[in-house]
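> Sharing run_4.txt, compact mmCIF, all heavy atoms:
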# COMPACT_ATOMS: atom_id res chain seq x y z
N MET A 1 -0.20 -2.76 7.54
CA MET A 1 -1.02 -1.67 7.05
C MET A 1 -1.72 -2.09 5.75
O MET A 1 -2.87 -1.73 5.54
CB MET A 1 -0.16 -0.42 6.82
CG MET A 1 -1.01 0.78 6.50
SD MET A 1 -0.12 2.31 6.22
CE MET A 1 0.34 2.76 7.87
N ILE A 2 -1.01 -2.84 4.94
CA ILE A 2 -1.61 -3.32 3.70
C ILE A 2 -2.83 -4.19 4.00
O ILE A 2 -3.85 -4.10 3.31
CB ILE A 2 -0.58 -4.12 2.86
CG1 ILE A 2 0.54 -3.22 2.35
CG2 ILE A 2 -1.24 -4.84 1.70
CD1 ILE A 2 0.15 -2.28 1.25
N ASP A 3 -2.74 -5.01 5.04
CA ASP A 3 -3.85 -5.88 5.40
C ASP A 3 -5.10 -5.07 5.73
O ASP A 3 -6.21 -5.42 5.31
CB ASP A 3 -3.49 -6.78 6.59
CG ASP A 3 -2.44 -7.80 6.24
OD1 ASP A 3 -2.31 -8.13 5.05
OD2 ASP A 3 -1.77 -8.29 7.16
N PHE A 4 -4.92 -3.98 6.47
CA PHE A 4 -6.05 -3.13 6.82
C PHE A 4 -6.73 -2.60 5.56
O PHE A 4 -7.96 -2.68 5.42
CB PHE A 4 -5.58 -1.95 7.70
CG PHE A 4 -6.64 -0.90 7.87
CD1 PHE A 4 -7.68 -1.09 8.76
CD2 PHE A 4 -6.59 0.28 7.14
CE1 PHE A 4 -8.67 -0.12 8.92
CE2 PHE A 4 -7.56 1.25 7.29
CZ PHE A 4 -8.60 1.05 8.18
N PHE A 5 -5.94 -2.07 4.64
CA PHE A 5 -6.51 -1.51 3.42
C PHE A 5 -7.09 -2.59 2.52
O PHE A 5 -8.09 -2.37 1.84
CB PHE A 5 -5.48 -0.67 2.66
CG PHE A 5 -5.30 0.71 3.26
CD1 PHE A 5 -4.18 1.02 3.99
CD2 PHE A 5 -6.26 1.69 3.08
CE1 PHE A 5 -4.01 2.28 4.55
CE2 PHE A 5 -6.11 2.95 3.63
CZ PHE A 5 -4.98 3.24 4.37
N SER A 6 -6.48 -3.76 2.50
CA SER A 6 -7.02 -4.86 1.71
C SER A 6 -8.39 -5.28 2.23
O SER A 6 -9.31 -5.52 1.45
CB SER A 6 -6.06 -6.05 1.73
OG SER A 6 -4.85 -5.72 1.11
N ASN A 7 -8.51 -5.36 3.55
CA ASN A 7 -9.81 -5.70 4.15
C ASN A 7 -10.85 -4.63 3.86
O ASN A 7 -12.00 -4.92 3.54
CB ASN A 7 -9.67 -5.91 5.65
CG ASN A 7 -8.85 -7.13 5.99
OD1 ASN A 7 -8.73 -8.05 5.21
ND2 ASN A 7 -8.28 -7.13 7.19
N LEU A 8 -10.43 -3.38 3.97
CA LEU A 8 -11.33 -2.27 3.69
C LEU A 8 -11.76 -2.29 2.22
O LEU A 8 -12.93 -2.05 1.89
CB LEU A 8 -10.64 -0.94 4.02
CG LEU A 8 -11.47 0.32 3.96
CD1 LEU A 8 -12.65 0.26 4.92
CD2 LEU A 8 -10.59 1.53 4.28
N LEU A 9 -10.83 -2.61 1.34
CA LEU A 9 -11.12 -2.70 -0.08
C LEU A 9 -12.20 -3.75 -0.35
O LEU A 9 -13.16 -3.49 -1.08
CB LEU A 9 -9.83 -3.04 -0.85
CG LEU A 9 -9.95 -3.18 -2.36
CD1 LEU A 9 -10.34 -1.86 -2.99
CD2 LEU A 9 -8.63 -3.67 -2.94
N GLU A 10 -12.05 -4.90 0.25
CA GLU A 10 -13.04 -5.97 0.07
C GLU A 10 -14.41 -5.53 0.58
O GLU A 10 -15.44 -5.79 -0.04
CB GLU A 10 -12.60 -7.25 0.78
CG GLU A 10 -11.39 -7.91 0.13
CD GLU A 10 -11.61 -8.22 -1.34
OE1 GLU A 10 -12.67 -8.76 -1.70
OE2 GLU A 10 -10.70 -7.94 -2.14
N GLU A 11 -14.41 -4.84 1.71
CA GLU A 11 -15.67 -4.35 2.28
C GLU A 11 -16.35 -3.36 1.34
O GLU A 11 -17.56 -3.44 1.11
CB GLU A 11 -15.35 -3.68 3.62
CG GLU A 11 -16.55 -3.34 4.45
CD GLU A 11 -16.16 -2.76 5.79
OE1 GLU A 11 -15.38 -3.40 6.51
OE2 GLU A 11 -16.62 -1.64 6.09
N LYS A 12 -15.58 -2.44 0.78
CA LYS A 12 -16.14 -1.44 -0.12
C LYS A 12 -16.60 -2.06 -1.43
O LYS A 12 -17.58 -1.62 -2.03
CB LYS A 12 -15.12 -0.32 -0.40
CG LYS A 12 -14.79 0.50 0.83
CD LYS A 12 -16.01 1.20 1.40
CE LYS A 12 -15.67 1.99 2.64
NZ LYS A 12 -16.82 2.66 3.23
N LYS A 13 -15.90 -3.11 -1.89
CA LYS A 13 -16.33 -3.82 -3.10
C LYS A 13 -17.70 -4.44 -2.88
O LYS A 13 -18.56 -4.39 -3.76
CB LYS A 13 -15.33 -4.92 -3.47
CG LYS A 13 -14.09 -4.41 -4.17
CD LYS A 13 -13.20 -5.59 -4.55
CE LYS A 13 -11.94 -5.14 -5.23
NZ LYS A 13 -11.05 -6.28 -5.54
N LYS A 14 -17.90 -5.04 -1.70
CA LYS A 14 -19.19 -5.66 -1.37
C LYS A 14 -20.30 -4.62 -1.33
O LYS A 14 -21.43 -4.90 -1.73
CB LYS A 14 -19.11 -6.39 -0.03
CG LYS A 14 -18.29 -7.65 -0.06
CD LYS A 14 -18.20 -8.29 1.30
CE LYS A 14 -17.23 -9.45 1.30
NZ LYS A 14 -17.02 -9.99 2.65
N GLU A 15 -19.96 -3.42 -0.85
CA GLU A 15 -20.95 -2.35 -0.78
C GLU A 15 -21.24 -1.76 -2.16
O GLU A 15 -22.22 -1.06 -2.35
CB GLU A 15 -20.45 -1.22 0.13
CG GLU A 15 -20.34 -1.59 1.59
CD GLU A 15 -19.71 -0.49 2.42
OE1 GLU A 15 -19.44 0.61 1.90
OE2 GLU A 15 -19.49 -0.73 3.63
N GLY A 16 -20.34 -1.99 -3.10
CA GLY A 16 -20.49 -1.44 -4.44
C GLY A 16 -20.07 0.01 -4.53
O GLY A 16 -20.52 0.75 -5.41
N ASN A 17 -19.20 0.43 -3.64
CA ASN A 17 -18.75 1.82 -3.60
C ASN A 17 -17.50 1.97 -4.47
O ASN A 17 -16.36 1.88 -4.01
CB ASN A 17 -18.47 2.22 -2.15
CG ASN A 17 -18.32 3.71 -1.99
OD1 ASN A 17 -17.93 4.39 -2.92
ND2 ASN A 17 -18.63 4.21 -0.82
N ASP A 18 -17.71 2.22 -5.76
CA ASP A 18 -16.62 2.25 -6.74
C ASP A 18 -15.61 3.36 -6.47
O ASP A 18 -14.41 3.17 -6.68
CB ASP A 18 -17.17 2.40 -8.16
CG ASP A 18 -17.98 1.19 -8.59
OD1 ASP A 18 -17.76 0.10 -8.02
OD2 ASP A 18 -18.81 1.33 -9.49
N ARG A 19 -16.07 4.49 -6.02
CA ARG A 19 -15.16 5.62 -5.78
C ARG A 19 -14.20 5.29 -4.64
O ARG A 19 -12.99 5.51 -4.75
CB ARG A 19 -15.94 6.88 -5.46
CG ARG A 19 -15.04 8.08 -5.33
CD ARG A 19 -15.80 9.36 -5.21
NE ARG A 19 -14.86 10.47 -5.18
CZ ARG A 19 -15.16 11.66 -4.76
NH1 ARG A 19 -16.38 11.93 -4.35
NH2 ARG A 19 -14.27 12.61 -4.74
N ASP A 20 -14.72 4.74 -3.54
CA ASP A 20 -13.86 4.36 -2.42
C ASP A 20 -12.90 3.25 -2.83
O ASP A 20 -11.74 3.25 -2.42
CB ASP A 20 -14.69 3.91 -1.22
CG ASP A 20 -15.29 5.07 -0.45
OD1 ASP A 20 -14.95 6.23 -0.74
OD2 ASP A 20 -16.11 4.81 0.45
N VAL A 21 -13.39 2.30 -3.64
CA VAL A 21 -12.54 1.20 -4.11
C VAL A 21 -11.34 1.77 -4.87
O VAL A 21 -10.20 1.37 -4.64
CB VAL A 21 -13.34 0.21 -4.99
CG1 VAL A 21 -12.42 -0.74 -5.73
CG2 VAL A 21 -14.33 -0.56 -4.14
N ALA A 22 -11.58 2.73 -5.75
CA ALA A 22 -10.51 3.33 -6.53
C ALA A 22 -9.51 4.06 -5.62
O ALA A 22 -8.30 3.93 -5.81
CB ALA A 22 -11.08 4.31 -7.55
N GLU A 23 -10.02 4.80 -4.64
CA GLU A 23 -9.14 5.53 -3.72
C GLU A 23 -8.31 4.57 -2.87
O GLU A 23 -7.12 4.81 -2.63
CB GLU A 23 -9.96 6.46 -2.82
CG GLU A 23 -10.60 7.60 -3.55
CD GLU A 23 -9.60 8.56 -4.18
OE1 GLU A 23 -8.54 8.81 -3.59
OE2 GLU A 23 -9.89 9.04 -5.28
N ILE A 24 -8.90 3.49 -2.42
CA ILE A 24 -8.18 2.52 -1.60
C ILE A 24 -7.11 1.82 -2.42
O ILE A 24 -6.00 1.60 -1.95
CB ILE A 24 -9.16 1.51 -0.96
CG1 ILE A 24 -10.07 2.25 0.04
CG2 ILE A 24 -8.42 0.39 -0.27
CD1 ILE A 24 -11.27 1.45 0.49
N LYS A 25 -7.42 1.52 -3.69
CA LYS A 25 -6.42 0.89 -4.56
C LYS A 25 -5.21 1.82 -4.73
O LYS A 25 -4.07 1.37 -4.71
CB LYS A 25 -7.02 0.56 -5.93
CG LYS A 25 -7.90 -0.66 -5.91
CD LYS A 25 -8.44 -0.97 -7.29
CE LYS A 25 -9.28 -2.21 -7.30
NZ LYS A 25 -9.79 -2.53 -8.65
N LYS A 26 -5.47 3.11 -4.89
CA LYS A 26 -4.37 4.08 -5.01
C LYS A 26 -3.53 4.09 -3.73
O LYS A 26 -2.30 4.12 -3.78
CB LYS A 26 -4.91 5.49 -5.26
CG LYS A 26 -5.45 5.71 -6.64
CD LYS A 26 -5.97 7.14 -6.77
CE LYS A 26 -6.78 7.35 -8.00
NZ LYS A 26 -7.35 8.70 -8.07
N ALA A 27 -4.21 4.08 -2.59
CA ALA A 27 -3.50 4.10 -1.31
C ALA A 27 -2.63 2.86 -1.16
O ALA A 27 -1.48 2.95 -0.71
CB ALA A 27 -4.49 4.19 -0.15
N ILE A 28 -3.14 1.71 -1.54
CA ILE A 28 -2.37 0.47 -1.45
C ILE A 28 -1.14 0.55 -2.34
O ILE A 28 -0.04 0.15 -1.93
CB ILE A 28 -3.25 -0.75 -1.82
CG1 ILE A 28 -4.29 -0.99 -0.71
CG2 ILE A 28 -2.40 -1.99 -2.03
CD1 ILE A 28 -5.34 -2.03 -1.04
N GLN A 29 -1.27 1.10 -3.55
CA GLN A 29 -0.13 1.24 -4.45
C GLN A 29 0.94 2.15 -3.84
O GLN A 29 2.13 1.86 -3.92
CB GLN A 29 -0.57 1.80 -5.80
CG GLN A 29 -1.36 0.81 -6.63
CD GLN A 29 -1.87 1.41 -7.92
OE1 GLN A 29 -1.94 2.63 -8.07
NE2 GLN A 29 -2.25 0.55 -8.84
N VAL A 30 0.51 3.25 -3.23
CA VAL A 30 1.45 4.18 -2.61
C VAL A 30 2.19 3.50 -1.45
O VAL A 30 3.42 3.63 -1.32
CB VAL A 30 0.72 5.46 -2.12
CG1 VAL A 30 1.63 6.31 -1.25
CG2 VAL A 30 0.23 6.25 -3.31
N ILE A 31 1.46 2.77 -0.63
CA ILE A 31 2.08 2.08 0.50
C ILE A 31 3.07 1.03 0.02
O ILE A 31 4.19 0.93 0.54
CB ILE A 31 0.99 1.44 1.40
CG1 ILE A 31 0.14 2.53 2.06
CG2 ILE A 31 1.62 0.53 2.45
CD1 ILE A 31 -1.14 2.02 2.67
N LYS A 32 2.68 0.26 -0.98
CA LYS A 32 3.59 -0.77 -1.52
C LYS A 32 4.86 -0.13 -2.08
O LYS A 32 5.96 -0.62 -1.85
CB LYS A 32 2.89 -1.59 -2.61
CG LYS A 32 1.91 -2.60 -2.06
CD LYS A 32 1.30 -3.42 -3.17
CE LYS A 32 0.34 -4.45 -2.63
NZ LYS A 32 -0.29 -5.23 -3.70
N LYS A 33 4.71 0.98 -2.80
CA LYS A 33 5.87 1.67 -3.37
C LYS A 33 6.78 2.16 -2.26
O LYS A 33 8.00 2.01 -2.33
CB LYS A 33 5.41 2.83 -4.24
CG LYS A 33 6.55 3.55 -4.91
CD LYS A 33 6.08 4.67 -5.80
CE LYS A 33 7.26 5.39 -6.42
NZ LYS A 33 6.87 6.54 -7.21
N HIS A 34 6.20 2.72 -1.23
CA HIS A 34 6.97 3.24 -0.10
C HIS A 34 7.72 2.10 0.59
O HIS A 34 8.90 2.24 0.93
CB HIS A 34 6.05 3.95 0.89
CG HIS A 34 6.75 4.47 2.09
ND1 HIS A 34 7.61 5.55 2.05
CD2 HIS A 34 6.76 4.06 3.38
CE1 HIS A 34 8.10 5.77 3.25
NE2 HIS A 34 7.59 4.88 4.08
N GLU A 35 7.05 0.97 0.79
CA GLU A 35 7.69 -0.18 1.43
C GLU A 35 8.83 -0.73 0.58
O GLU A 35 9.87 -1.09 1.10
CB GLU A 35 6.66 -1.27 1.72
CG GLU A 35 5.75 -0.93 2.87
CD GLU A 35 4.74 -2.01 3.19
OE1 GLU A 35 4.64 -3.00 2.43
OE2 GLU A 35 4.05 -1.87 4.22
N GLU A 36 8.64 -0.76 -0.74
CA GLU A 36 9.70 -1.22 -1.64
C GLU A 36 10.91 -0.30 -1.55
O GLU A 36 12.05 -0.76 -1.50
CB GLU A 36 9.19 -1.28 -3.08
CG GLU A 36 8.24 -2.42 -3.33
CD GLU A 36 7.61 -2.36 -4.71
OE1 GLU A 36 8.02 -1.51 -5.54
OE2 GLU A 36 6.70 -3.16 -4.97
N GLU A 37 10.66 1.02 -1.54
CA GLU A 37 11.76 1.98 -1.44
C GLU A 37 12.49 1.84 -0.11
O GLU A 37 13.71 1.90 -0.05
CB GLU A 37 11.23 3.40 -1.61
CG GLU A 37 10.78 3.71 -3.01
CD GLU A 37 10.09 5.06 -3.14
OE1 GLU A 37 9.86 5.73 -2.12
OE2 GLU A 37 9.75 5.41 -4.28
N LYS A 38 11.72 1.65 0.96
CA LYS A 38 12.31 1.49 2.29
C LYS A 38 13.16 0.22 2.34
O LYS A 38 14.28 0.24 2.85
CB LYS A 38 11.19 1.43 3.34
CG LYS A 38 11.67 1.43 4.76
CD LYS A 38 10.48 1.61 5.70
CE LYS A 38 10.37 0.39 6.55
NZ LYS A 38 9.24 0.45 7.49
N ASN A 39 12.64 -0.86 1.78
CA ASN A 39 13.39 -2.12 1.75
C ASN A 39 14.65 -2.00 0.90
O ASN A 39 15.69 -2.54 1.26
CB ASN A 39 12.52 -3.26 1.23
CG ASN A 39 11.44 -3.65 2.22
OD1 ASN A 39 11.54 -3.36 3.41
ND2 ASN A 39 10.40 -4.28 1.73
N ALA A 40 14.58 -1.29 -0.20
CA ALA A 40 15.75 -1.09 -1.05
C ALA A 40 16.80 -0.27 -0.31
O ALA A 40 17.99 -0.56 -0.40
CB ALA A 40 15.35 -0.39 -2.35
N GLU A 41 16.36 0.73 0.43
CA GLU A 41 17.28 1.57 1.20
C GLU A 41 17.96 0.75 2.29
O GLU A 41 19.17 0.85 2.48
CB GLU A 41 16.50 2.73 1.82
CG GLU A 41 17.38 3.75 2.50
CD GLU A 41 16.56 4.92 3.01
OE1 GLU A 41 15.94 5.60 2.20
OE2 GLU A 41 16.57 5.12 4.24
N ILE A 42 17.20 -0.07 2.97
CA ILE A 42 17.76 -0.93 4.02
C ILE A 42 18.76 -1.90 3.41
O ILE A 42 19.85 -2.11 3.94
CB ILE A 42 16.64 -1.69 4.76
CG1 ILE A 42 15.83 -0.69 5.61
CG2 ILE A 42 17.20 -2.79 5.64
CD1 ILE A 42 14.55 -1.26 6.17
N SER A 43 18.42 -2.47 2.27
CA SER A 43 19.30 -3.41 1.58
C SER A 43 20.60 -2.73 1.19
O SER A 43 21.68 -3.30 1.35
CB SER A 43 18.60 -3.96 0.34
OG SER A 43 19.47 -4.82 -0.37
N THR A 44 20.51 -1.51 0.69
CA THR A 44 21.71 -0.77 0.28
C THR A 44 22.60 -0.49 1.48
O THR A 44 23.82 -0.64 1.39
CB THR A 44 21.29 0.57 -0.38
OG1 THR A 44 20.46 0.28 -1.50
CG2 THR A 44 22.50 1.34 -0.85
N VAL A 45 22.01 -0.12 2.60
CA VAL A 45 22.79 0.16 3.80
C VAL A 45 23.47 -1.13 4.29
O VAL A 45 24.63 -1.13 4.68
CB VAL A 45 21.90 0.78 4.90
CG1 VAL A 45 22.65 0.86 6.22
CG2 VAL A 45 21.42 2.15 4.48
N LYS A 46 22.76 -2.24 4.25
CA LYS A 46 23.33 -3.51 4.68
C LYS A 46 24.51 -3.91 3.81
O LYS A 46 25.47 -4.51 4.28
CB LYS A 46 22.27 -4.62 4.64
CG LYS A 46 21.31 -4.58 5.79
CD LYS A 46 20.36 -5.75 5.73
CE LYS A 46 19.39 -5.71 6.87
NZ LYS A 46 18.41 -6.81 6.78
N ASP A 47 24.44 -3.55 2.52
CA ASP A 47 25.52 -3.89 1.60
C ASP A 47 26.72 -2.96 1.78
O ASP A 47 27.75 -3.16 1.16
CB ASP A 47 25.02 -3.81 0.14
CG ASP A 47 24.03 -4.90 -0.18
OD1 ASP A 47 23.99 -5.90 0.56
OD2 ASP A 47 23.31 -4.76 -1.17
N GLY A 48 26.55 -1.92 2.57
CA GLY A 48 27.65 -1.00 2.83
C GLY A 48 27.80 0.09 1.78
O GLY A 48 28.80 0.78 1.72
N ASP A 49 26.81 0.24 0.95
CA ASP A 49 26.87 1.24 -0.11
C ASP A 49 25.86 2.33 0.17
O ASP A 49 24.87 2.49 -0.51
CB ASP A 49 26.57 0.59 -1.48
CG ASP A 49 26.69 1.57 -2.63
OD1 ASP A 49 27.43 2.57 -2.47
OD2 ASP A 49 26.06 1.33 -3.66
N ASN A 50 26.11 3.09 1.23
CA ASN A 50 25.15 4.12 1.62
C ASN A 50 25.58 5.52 1.22
O ASN A 50 25.20 6.49 1.82
CB ASN A 50 24.88 4.05 3.13
CG ASN A 50 26.13 4.23 3.95
OD1 ASN A 50 27.22 4.37 3.39
ND2 ASN A 50 25.98 4.24 5.26
N GLY A 51 26.37 5.62 0.17
CA GLY A 51 26.67 6.92 -0.38
C GLY A 51 27.92 7.48 0.14
O GLY A 51 28.46 8.46 0.00
Could you write out this file's structure as structure tokens?

Amino acid sequence: MIDFFSNLLEEKKKEGNDRDVAEIKKAIQVIKKHEEEKNAEISTVKDGDNG
């Protein structure tokens, strides 16, 4: 999913669409944060410390 947004980001940069670039950057940050949280949760479960 990150690849899709990264490609879209590059496309919008070429077009000079600053507003879309800013929105796509925010979306990428949200996705990365979500993936990090998901990976941390999986790691915690694998370690046997799931609460």
> So what do you get for atom CA of A:Glu37 versus atom CA of A:Met1, distance-wise?
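Separation of atom CA of A:Glu37 and atom CA of A:Met1: 15.8 Å.
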> One decimal, Å: what's the distance from atom CA of A:Phe5 over to atom CA of A:Ile28, could you say?
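Interatomic distance, atom CA of A:Phe5 to atom CA of A:Ile28: 6.7 Å.
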> Report, in Å with one decimal, the straight-line distance from atom CA of A:Asn7 to atom CA of A:Glu41.
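Computed distance, atom CA of A:Asn7 to atom CA of A:Glu41, equals 28.2 Å.
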> Between A:Lys13, A:Lys46, A:Ile2, A:Asp18, which one has atoms that come closest to A:Ile31, using all heavy atoms?
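Using all heavy atoms, A:Ile31 sits closest to A:Ile2.
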> Residues of chain A in alpha helix (DSSP H) according to DSSP, as a PyMOL selection string?
chain A and resi 2-15+18-46
> Taking only C-alpha atoms into account, name the residue in A:Asp3, A:Leu8, A:Glu36, A:Ile42 that is nearest to A:Ile24.
A:Leu8
> Give me the residues near A:Val21 as an NGL selection string, where near means some atom within 6 Å (using all atoms listed in the file) and where sequence neighbours in that chain fewer than 5 positions away do not count.
:A and (9 or 12-13 or 16 or 26)
